[in-house]
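What follows is input-v5.cif (mmCIF, C-alpha atoms and all ligand atoms).
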```cif
data_data
loop_
_atom_site.label_atom_id
_atom_site.label_comp_id
_atom_site.auth_asym_id
_atom_site.auth_seq_id
_atom_site.Cartn_x
_atom_site.Cartn_y
_atom_site.Cartn_z
CA MET A 30 0.00 0.00 0.00
CA THR A 31 1.18 3.52 -0.67
CA ASN A 32 2.52 5.32 2.34
CA ILE A 33 0.71 8.61 2.80
CA TYR A 34 2.37 10.04 5.88
CA GLU A 35 4.93 9.12 8.45
CA MET A 36 6.10 10.87 11.60
CA GLU A 37 8.30 10.16 14.57
CA TYR A 38 8.79 12.05 17.84
CA ASN A 39 10.86 11.67 20.97
CA VAL A 40 9.10 11.38 24.33
CA ASP A 41 11.00 12.55 27.42
CA ASN A 42 10.44 10.88 30.73
CA ARG A 43 9.10 12.84 33.67
CA ASP A 44 8.22 15.89 31.62
CA PHE A 45 4.55 16.05 32.55
CA VAL A 46 3.75 19.36 30.95
CA VAL A 47 4.67 18.27 27.43
CA ALA A 48 3.78 14.59 27.84
CA GLY A 49 0.80 13.84 25.63
CA ASP A 50 1.64 16.48 23.04
CA VAL A 51 2.86 13.95 20.48
CA SER A 52 -0.56 12.31 20.59
CA ARG A 53 -2.18 15.69 20.09
CA ILE A 54 -0.04 16.22 16.98
CA ILE A 55 -0.93 12.75 15.71
CA LYS A 56 -4.63 13.41 16.30
CA ARG A 57 -4.56 16.78 14.57
CA THR A 58 -2.64 15.33 11.61
CA LEU A 59 -5.22 12.56 11.19
CA GLN A 60 -7.99 15.16 11.32
CA ARG A 61 -6.26 17.18 8.63
CA ILE A 62 -5.89 14.13 6.41
CA GLY A 63 -9.61 13.44 6.85
CA VAL A 64 -9.57 10.07 8.64
CA ASP A 65 -12.92 8.87 10.09
CA PRO A 66 -13.38 10.70 13.45
CA LYS A 67 -14.43 7.46 15.20
CA ILE A 68 -11.14 5.82 14.26
CA ILE A 69 -9.17 8.97 15.11
CA ARG A 70 -10.62 8.85 18.61
CA ARG A 71 -9.43 5.28 19.15
CA ILE A 72 -5.98 6.09 17.79
CA ALA A 73 -5.72 9.24 19.93
CA ILE A 74 -6.71 7.45 23.15
CA ALA A 75 -4.32 4.54 22.54
CA SER A 76 -1.46 6.80 21.53
CA TYR A 77 -1.96 9.08 24.53
CA GLU A 78 -1.96 6.12 26.94
CA ALA A 79 1.23 4.79 25.34
CA GLU A 80 2.87 8.21 25.46
CA MET A 81 1.98 8.71 29.12
CA ASN A 82 3.40 5.30 29.97
CA ILE A 83 6.72 6.26 28.37
CA ALA A 84 6.73 9.55 30.29
CA ILE A 85 5.72 8.00 33.61
CA HIS A 86 7.23 4.52 33.66
CA SER A 87 10.29 4.60 31.37
CA GLN A 88 13.59 6.41 30.81
CA GLY A 89 12.15 8.06 27.72
CA GLY A 90 11.55 6.79 24.21
CA LYS A 91 9.84 7.58 20.94
CA ILE A 92 6.54 7.27 19.15
CA SER A 93 5.94 6.92 15.46
CA ALA A 94 2.75 7.00 13.45
CA LYS A 95 2.53 5.71 9.91
CA ILE A 96 -0.56 6.42 7.90
CA ASP A 97 -1.28 4.21 4.89
CA SER A 98 -4.37 4.14 2.71
CA ASP A 99 -5.71 1.08 4.56
CA LYS A 100 -4.31 1.46 8.08
CA VAL A 101 -2.63 3.59 10.71
CA VAL A 102 0.21 2.02 12.69
CA VAL A 103 1.39 3.59 15.95
CA CYS A 104 4.65 2.25 17.35
CA THR A 105 6.38 3.11 20.60
CA GLN A 106 9.77 2.18 21.86
CA ASP A 107 11.41 3.14 25.13
CA TYR A 108 14.83 2.81 26.72
CA GLY A 109 13.91 0.71 29.74
CA PRO A 110 13.47 -0.55 32.39
CA GLY A 111 11.15 -2.97 30.56
CA ILE A 112 8.17 -4.87 31.93
CA GLU A 113 8.89 -8.06 33.85
CA ASP A 114 5.48 -9.70 33.59
CA ILE A 115 3.47 -8.46 30.62
CA ALA A 116 0.36 -10.50 31.46
CA LEU A 117 0.26 -8.89 34.89
CA ALA A 118 0.84 -5.40 33.46
CA MET A 119 -2.07 -5.97 31.06
CA THR A 120 -4.43 -6.76 33.96
CA GLU A 121 -7.09 -4.09 34.50
CA GLY A 122 -6.31 -2.11 37.63
CA TRP A 123 -2.73 -3.30 38.06
CA SER A 124 -0.35 -0.38 38.49
CA THR A 125 2.99 0.47 40.05
CA ALA A 126 2.32 4.22 39.89
CA SER A 127 3.36 6.24 42.94
CA ALA A 128 1.03 8.36 45.05
CA GLU A 129 2.46 11.43 43.35
CA ILE A 130 1.54 10.06 39.89
CA ARG A 131 -1.96 9.19 41.12
CA GLU A 132 -2.44 12.76 42.29
CA MET A 133 -1.78 13.84 38.72
CA GLY A 134 -4.61 11.61 37.49
CA PHE A 135 -2.69 8.51 36.41
CA GLY A 136 -2.19 5.06 37.86
CA ALA A 137 -5.63 3.51 37.40
CA GLY A 138 -3.89 0.54 35.78
CA MET A 139 -6.13 0.94 32.73
CA GLY A 140 -3.67 2.30 30.16
CA LEU A 141 -2.50 -0.96 28.60
CA PRO A 142 -6.02 -2.52 28.64
CA ASN A 143 -7.34 0.67 26.97
CA MET A 144 -4.65 0.45 24.25
CA LYS A 145 -5.59 -3.14 23.56
CA LYS A 146 -9.29 -2.31 23.45
CA CYS A 147 -8.84 0.67 21.13
CA SER A 148 -6.53 -0.96 18.59
CA ASP A 149 -7.41 -3.65 16.02
CA VAL A 150 -4.07 -5.40 16.51
CA PHE A 151 -2.05 -4.89 19.69
CA GLU A 152 1.49 -6.22 19.96
CA ILE A 153 3.77 -5.70 22.94
CA GLU A 154 7.28 -6.90 23.49
CA SER A 155 9.48 -6.11 26.47
CA ILE A 156 12.99 -6.98 27.54
CA VAL A 157 14.28 -6.13 31.02
CA PRO A 158 16.19 -3.82 31.30
CA GLN A 159 16.42 -2.77 27.62
CA GLY A 160 12.88 -1.53 27.15
CA THR A 161 9.38 -1.99 25.81
CA LYS A 162 8.06 -1.92 22.25
CA ILE A 163 4.41 -1.60 21.35
CA LYS A 164 2.85 -1.77 17.89
CA MET A 165 -0.80 -0.86 17.45
CA THR A 166 -2.60 -1.26 14.13
CA PHE A 167 -5.87 0.45 13.26
CA TRP A 168 -7.68 -0.53 10.05
CA LEU A 169 -9.14 2.34 8.09
CA MET B 8 -30.50 18.26 29.73
CA LYS B 9 -29.25 21.66 28.59
CA LEU B 10 -25.89 22.93 29.83
CA SER B 11 -27.65 26.06 31.08
CA GLN B 12 -29.88 23.89 33.35
CA ILE B 13 -26.83 22.02 34.60
CA LYS B 14 -25.19 25.32 35.43
CA GLU B 15 -28.23 26.28 37.56
CA ILE B 16 -28.50 22.93 39.33
CA ILE B 17 -24.89 22.87 40.46
CA GLU B 18 -24.58 26.65 40.98
CA ALA B 19 -21.72 26.79 38.53
CA GLU B 20 -19.74 29.63 37.04
CA VAL B 21 -18.74 29.41 33.37
CA LEU B 22 -15.01 29.77 32.66
CA CYS B 23 -15.29 29.46 28.88
CA GLY B 24 -17.87 28.56 26.24
CA GLU B 25 -20.69 30.77 27.59
CA ASP B 26 -22.16 30.92 24.07
CA LYS B 27 -22.69 27.15 23.95
CA LEU B 28 -24.95 26.73 26.99
CA ASP B 29 -27.98 25.79 24.90
CA ARG B 30 -26.34 22.49 23.97
CA GLU B 31 -27.88 19.24 25.19
CA VAL B 32 -26.02 16.51 27.06
CA SER B 33 -27.36 13.23 28.38
CA LYS B 34 -24.42 11.57 30.07
CA ALA B 35 -21.78 12.40 32.63
CA CYS B 36 -18.84 10.87 34.43
CA GLY B 37 -17.22 11.95 37.70
CA CYS B 38 -13.62 10.85 37.89
CA ASP B 39 -10.08 11.86 38.87
CA LEU B 40 -8.20 9.12 37.03
CA MET B 41 -7.64 9.83 33.36
CA SER B 42 -7.47 6.21 32.17
CA GLU B 43 -10.80 5.52 33.84
CA VAL B 44 -12.20 8.45 31.89
CA LEU B 45 -10.70 7.10 28.67
CA ARG B 46 -12.19 3.71 29.34
CA LEU B 47 -15.69 5.04 29.98
CA VAL B 48 -15.80 7.84 27.51
CA GLU B 49 -18.77 8.34 25.20
CA GLU B 50 -19.56 11.13 22.78
CA ASP B 51 -21.22 14.21 24.29
CA MET B 52 -20.49 13.40 27.88
CA ILE B 53 -19.61 15.79 30.67
CA LEU B 54 -16.50 15.16 32.70
CA MET B 55 -16.70 16.26 36.34
CA THR B 56 -13.39 16.24 38.15
CA GLY B 57 -11.38 17.71 40.99
CA LEU B 58 -8.17 17.66 38.96
CA THR B 59 -7.18 20.78 37.08
CA ASN B 60 -3.83 19.93 35.52
CA ILE B 61 -3.23 20.14 31.78
CA HIS B 62 -3.75 16.39 31.38
CA VAL B 63 -7.47 16.80 32.01
CA LEU B 64 -7.51 18.96 28.89
CA LYS B 65 -5.32 16.58 26.88
CA THR B 66 -7.48 13.62 27.93
CA ALA B 67 -10.61 15.53 26.95
CA GLU B 68 -9.10 16.47 23.59
CA MET B 69 -8.08 12.87 22.84
CA ALA B 70 -11.54 11.55 23.69
CA ASN B 71 -13.60 14.37 22.12
CA ILE B 72 -14.98 15.43 25.49
CA GLN B 73 -16.37 18.95 25.05
CA TYR B 74 -17.70 19.70 28.52
CA LEU B 75 -15.69 19.96 31.73
CA ILE B 76 -16.84 20.79 35.25
CA PHE B 77 -14.39 21.43 38.07
CA VAL B 78 -15.62 20.76 41.59
CA TRP B 79 -14.54 22.31 44.91
CA ASP B 80 -14.27 25.69 43.14
CA LYS B 81 -11.02 24.59 41.56
CA ILE B 82 -9.72 26.72 38.72
CA PRO B 83 -7.15 25.60 36.14
CA ASP B 84 -4.45 27.98 34.93
CA GLU B 85 -5.01 30.51 32.16
CA ARG B 86 -3.34 28.41 29.48
CA PHE B 87 -5.84 25.64 30.20
CA ILE B 88 -8.81 27.93 29.67
CA GLU B 89 -7.33 29.49 26.53
CA GLU B 90 -6.68 26.09 24.96
CA ALA B 91 -10.08 24.77 26.02
CA ASP B 92 -11.69 27.79 24.39
CA GLU B 93 -9.73 27.17 21.18
CA LEU B 94 -10.98 23.58 21.22
CA ASP B 95 -14.58 24.84 21.53
CA MET B 96 -15.06 23.34 24.98
CA VAL B 97 -17.39 24.53 27.72
CA VAL B 98 -15.65 24.73 31.10
CA MET B 99 -17.44 25.46 34.39
CA LYS B 100 -16.59 25.37 38.07
CA THR B 101 -18.86 24.65 41.00
CA PRO B 102 -18.35 25.09 44.74
CA LEU B 103 -19.89 21.62 45.28
CA SER B 104 -17.92 18.48 46.07
CA LEU B 105 -17.62 15.83 43.36
CA TYR B 106 -20.12 13.69 45.25
CA GLU B 107 -22.74 16.40 45.55
CA CYS B 108 -22.20 17.67 42.02
CA CYS B 109 -22.77 14.16 40.63
CA GLY B 110 -25.62 13.52 43.07
CA ARG B 111 -27.63 16.62 42.18
CA LEU B 112 -27.33 16.02 38.44
CA TYR B 113 -28.12 12.33 38.75
CA LYS B 114 -31.23 13.14 40.75
CA GLU B 115 -32.35 15.56 38.05
CA GLY B 116 -32.02 12.81 35.46
CA LEU B 117 -28.58 13.20 33.92
CA GLY B 118 -27.55 9.65 33.05
CA GLU B 119 -24.39 7.81 33.85
CA ILE B 120 -22.04 6.05 31.45
CA LYS B 121 -22.63 2.34 31.54
N1 LIG C 1 6.68 1.66 28.99
C1 LIG C 1 6.70 1.04 30.19
N2 LIG C 1 7.89 0.76 30.79
C2 LIG C 1 7.92 0.13 31.98
N3 LIG C 1 6.83 -0.26 32.67
C3 LIG C 1 5.62 -0.01 32.12
C4 LIG C 1 5.49 0.65 30.86
N4 LIG C 1 4.18 0.75 30.55
C5 LIG C 1 3.52 0.19 31.57
N5 LIG C 1 4.37 -0.27 32.52
C6 LIG C 1 4.00 -0.99 33.78
O1 LIG C 1 2.72 -1.58 33.62
C7 LIG C 1 1.81 -1.06 34.59
C8 LIG C 1 0.42 -0.96 33.99
O2 LIG C 1 0.40 0.02 32.94
P1 LIG C 1 -0.96 0.75 32.60
O3 LIG C 1 -0.72 1.78 31.56
O4 LIG C 1 -2.00 -0.28 32.29
O5 LIG C 1 -1.38 1.43 33.99
P2 LIG C 1 -0.73 2.71 34.69
O6 LIG C 1 0.13 3.44 33.72
O7 LIG C 1 -0.09 2.27 35.94
O8 LIG C 1 -2.02 3.56 35.03
P3 LIG C 1 -2.95 4.34 33.97
O9 LIG C 1 -2.44 4.04 32.60
O10 LIG C 1 -4.31 3.80 34.20
O11 LIG C 1 -2.83 5.77 34.32
C9 LIG C 1 2.41 0.26 35.05
O12 LIG C 1 1.99 0.63 36.34
C10 LIG C 1 3.91 -0.05 34.97
O13 LIG C 1 4.33 -0.77 36.11
MG MG C 2 -0.58 3.98 31.83
#
```

Take the structure I supplied and represent it as structure tokens, if you would.
Ligand SMILES: Nc1ncnc2c1ncn2[C@@H]1O[C@H](COP(=O)(O)OP(=O)(O)OP(=O)(O)O)[C@@H](O)[C@H]1O
Ligand SMILES: [Mg+2]
Amino acid sequence: MTNIYEMEYNVDNRDFVVAGDVSRIIKRTLQRIGVDPKIIRRIAIASYEAEMNIAIHSQGGKISAKIDSDKVVVCTQDYGPGIEDIALAMTEGWSTASAEIREMGFGAGMGLPNMKKCSDVFEIESIVPQGTKIKMTFWL
Amino acid sequence: MKLSQIKEIIEAEVLCGEDKLDREVSKACGCDLMSEVLRLVEEDMILMTGLTNIHVLKTAEMANIQYLIFVWDKIPDERFIEEADELDMVVMKTPLSLYECCGRLYKEGLGEIK
């Protein structure tokens, strides 16, 4: 399929003010291209959850979005510490977030389950301590 | 229920979007955890929260939430209101607690998200 648009951004860890802005850019780009708003919403939610996880739980990383004529693929990659038990991390309500993070509105333990629910294909791969990779595919 | 009725019921003050108070909403969610909001979200819902940081706005933008109500008279910073205004949102604040704010609106028939 012909590649329409591709973008990649770095995500810093612990920078709460800018965290989430990559997902805003992705959302606004999809709106400009004219993607179905219902699909944009799923992509935006999943991408935002993934971006916040990099900012909160990792040493930083990057997010890319690739828009084809038949799908959008959002990939994230971070620089560690990785996730020991992915099945446990995917459990609704399971979180290692600190009290400080909870006060900011995160740590419900719903981010990964939300990403899985929003995407058509959800792939996650993690190596301790190298890092975590997520690939989410959304059919257009 | 019209936003203007909601404003009366919870004794709210409008921080932006005064011109959109004739809009109708039928669902609401009271929550301080953003991923819970993102799990429950439906189109045209109101988010009632005691959190005022910029992530409430980003969460709302991601999920197409247009209506925000801050409880306990909490006010977000100016940048929040400016951006919310640019995104065509309606933002209000009420002196009520989250519990009472939800309770009054529920009693008047504003539905919950299932
Ligand atoms: N990129 C990551 N690197 C390391 N650990 C992670 C990463 N993403 C998630 N985790 C771990 O998995 C747990 C569950 O993640 P999930 O996103 O579901 O919930 P949360 O981030 O804790 O809370 P919420 O997303 O609801 O605000 C996290 O608490 C964290 O321990
Ligand atoms: Mg998370």

Inset, instruction - Please identify every polymer residue within 6 Å of ligand MG 2 (chain C), using only C-alpha atoms and all ligand atoms, and present the set as an MDAnalysis selection string. - result: chainID A and resid 78 82 140

Inset, instruction - Using all atoms listed in the file, select each residue of chain A with any atom at most 7 Å away from an atom of chain B, and give the selection as an MDAnalysis selection string. - result: chainID A and resid 49 70 73:74 134:135 137 139:140 143

Inset, instruction - Would you work out the distance separating CA of Lys164 (chain A) from CA of Val103 (chain A), expressed in Å to one decimal? - result: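 Calculated distance between CA of Lys164 (chain A) and CA of Val103 (chain A) is 5.9 Å.
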
Inset, instruction - Can you pull out every residue within 9 Å of Val101 (chain A), counting only C-alpha atoms, but drop anything in the same chain fewer than 5 positions away, and send it as a ChimeraX atom specification? - result: /A:72,94-96,165-169

Would you write out, as JSON lines, a table of all residues in chain A that have an atom no more than 7 Å from an atom of ligand LIG 1 (chain C), listing for each the closest atom pair and the distance in Å to one decimal, considering all atoms listed in the file and ordering rows by chain and rising residue number?
```
{"residue": "A:Glu78", "atom": "CA", "partner": "C:LIG1", "partner_atom": "O9", "distance": 6.0}
{"residue": "A:Asn82", "atom": "CA", "partner": "C:LIG1", "partner_atom": "N4", "distance": 4.7}
{"residue": "A:Ile83", "atom": "CA", "partner": "C:LIG1", "partner_atom": "N1", "distance": 4.6}
{"residue": "A:His86", "atom": "CA", "partner": "C:LIG1", "partner_atom": "C2", "distance": 4.8}
{"residue": "A:Ser87", "atom": "CA", "partner": "C:LIG1", "partner_atom": "N2", "distance": 4.6}
{"residue": "A:Asp107", "atom": "CA", "partner": "C:LIG1", "partner_atom": "N1", "distance": 6.3}
{"residue": "A:Gly109", "atom": "CA", "partner": "C:LIG1", "partner_atom": "N2", "distance": 6.1}
{"residue": "A:Pro110", "atom": "CA", "partner": "C:LIG1", "partner_atom": "C2", "distance": 5.6}
{"residue": "A:Gly111", "atom": "CA", "partner": "C:LIG1", "partner_atom": "C2", "distance": 4.7}
{"residue": "A:Ile112", "atom": "CA", "partner": "C:LIG1", "partner_atom": "N3", "distance": 4.9}
{"residue": "A:Ala118", "atom": "CA", "partner": "C:LIG1", "partner_atom": "O1", "distance": 4.3}
{"residue": "A:Met119", "atom": "CA", "partner": "C:LIG1", "partner_atom": "O4", "distance": 5.8}
{"residue": "A:Glu121", "atom": "CA", "partner": "C:LIG1", "partner_atom": "O4", "distance": 6.7}
{"residue": "A:Trp123", "atom": "CA", "partner": "C:LIG1", "partner_atom": "C8", "distance": 5.7}
{"residue": "A:Ser124", "atom": "CA", "partner": "C:LIG1", "partner_atom": "O12", "distance": 3.3}
{"residue": "A:Thr125", "atom": "CA", "partner": "C:LIG1", "partner_atom": "O12", "distance": 3.8}
{"residue": "A:Ala126", "atom": "CA", "partner": "C:LIG1", "partner_atom": "O7", "distance": 5.0}
{"residue": "A:Gly134", "atom": "CA", "partner": "C:LIG1", "partner_atom": "O11", "distance": 6.9}
{"residue": "A:Phe135", "atom": "CA", "partner": "C:LIG1", "partner_atom": "O11", "distance": 3.4}
{"residue": "A:Gly136", "atom": "CA", "partner": "C:LIG1", "partner_atom": "O8", "distance": 3.2}
{"residue": "A:Ala137", "atom": "CA", "partner": "C:LIG1", "partner_atom": "O10", "distance": 3.5}
{"residue": "A:Gly138", "atom": "CA", "partner": "C:LIG1", "partner_atom": "O5", "distance": 3.2}
{"residue": "A:Met139", "atom": "CA", "partner": "C:LIG1", "partner_atom": "O10", "distance": 3.7}
{"residue": "A:Gly140", "atom": "CA", "partner": "C:LIG1", "partner_atom": "O9", "distance": 3.2}
{"residue": "A:Leu141", "atom": "CA", "partner": "C:LIG1", "partner_atom": "O4", "distance": 3.8}
{"residue": "A:Pro142", "atom": "CA", "partner": "C:LIG1", "partner_atom": "O4", "distance": 5.9}
{"residue": "A:Gly160", "atom": "CA", "partner": "C:LIG1", "partner_atom": "N2", "distance": 6.6}
{"residue": "A:Thr161", "atom": "CA", "partner": "C:LIG1", "partner_atom": "N1", "distance": 5.5}
```

Inset, instruction - Please indicate the distance in Å from CA of Cys147 (chain A) to CA of Ile55 (chain A), rounded to one decimal place. - result: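 Value for the CA of Cys147 (chain A)-CA of Ile55 (chain A) distance: 15.4 Å.
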
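Of the listed residues A:Ile69, A:Ile163, A:Leu59, A:Val150, the one whose atoms come nearest to Ile33 (chain A) is A:Leu59, with distances taken using all atoms listed in the file.
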
Legend entry - Proximity to Thr101 (chain B) - best of B:Leu54, B:Ala19, B:Cys36, B:Leu28, all atoms listed in the file: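 Smallest distance to Thr101 (chain B) is found for B:Ala19.
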
Which residues are near Met8 (chain B)? Cut-off 12 Å, only C-alpha atoms, ignore same chain within fewer than 2 positions. Put them as an mmCIF file with C-alpha atoms, in the coordinates of the input.
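Wrote it out as result_32.cif, contents follow:
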```cif
data_model
loop_
_atom_site.group_PDB
_atom_site.id
_atom_site.type_symbol
_atom_site.label_atom_id
_atom_site.label_comp_id
_atom_site.auth_asym_id
_atom_site.auth_seq_id
_atom_site.Cartn_x
_atom_site.Cartn_y
_atom_site.Cartn_z
ATOM 1 C CA LEU B 10 -25.890 22.930 29.830
ATOM 2 C CA SER B 11 -27.650 26.060 31.080
ATOM 3 C CA GLN B 12 -29.880 23.890 33.350
ATOM 4 C CA ILE B 13 -26.830 22.020 34.600
ATOM 5 C CA LYS B 14 -25.190 25.320 35.430
ATOM 6 C CA GLU B 15 -28.230 26.280 37.560
ATOM 7 C CA ILE B 16 -28.500 22.930 39.330
ATOM 8 C CA LEU B 28 -24.950 26.730 26.990
ATOM 9 C CA ASP B 29 -27.980 25.790 24.900
ATOM 10 C CA ARG B 30 -26.340 22.490 23.970
ATOM 11 C CA GLU B 31 -27.880 19.240 25.190
ATOM 12 C CA VAL B 32 -26.020 16.510 27.060
ATOM 13 C CA SER B 33 -27.360 13.230 28.380
ATOM 14 C CA LYS B 34 -24.420 11.570 30.070
ATOM 15 C CA ALA B 35 -21.780 12.400 32.630
ATOM 16 C CA ASP B 51 -21.220 14.210 24.290
ATOM 17 C CA MET B 52 -20.490 13.400 27.880
ATOM 18 C CA ILE B 53 -19.610 15.790 30.670
ATOM 19 C CA LEU B 112 -27.330 16.020 38.440
ATOM 20 C CA TYR B 113 -28.120 12.330 38.750
ATOM 21 C CA GLU B 115 -32.350 15.560 38.050
ATOM 22 C CA GLY B 116 -32.020 12.810 35.460
ATOM 23 C CA LEU B 117 -28.580 13.200 33.920
ATOM 24 C CA GLY B 118 -27.550 9.650 33.050
#
```

Legend entry - Residue nearest Tyr38 (chain A) among A:Ser155, A:Thr105, A:Gln60, A:Ser98 (counting only C-alpha atoms):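 Of all the options, A:Thr105 lies closest to Tyr38 (chain A).
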
Legend entry - Between CA of Ile76 (chain B) and CA of Cys108 (chain B), distance in Å (one decimal): 9.2 Å

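For the residues A:Tyr34, A:Gly122, A:Ala79, A:Asp44, ranking by smallest atom-to-atom distance to Ile62 (chain A) using all atoms listed in the file places A:Tyr34 first.
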
Inset, instruction - Using all atoms listed in the file, find the one residue out of A:Ile54, A:Phe45, A:Glu152, A:Val40 that sits nearest to Met133 (chain A). - result: A:Phe45

Inset, instruction - Using only C-alpha atoms, pick whichever of A:Arg131, A:Lys56, A:Lys162, A:Lys100 has the shortest atom-to-atom distance to Ile115 (chain A). - result: A:Lys162
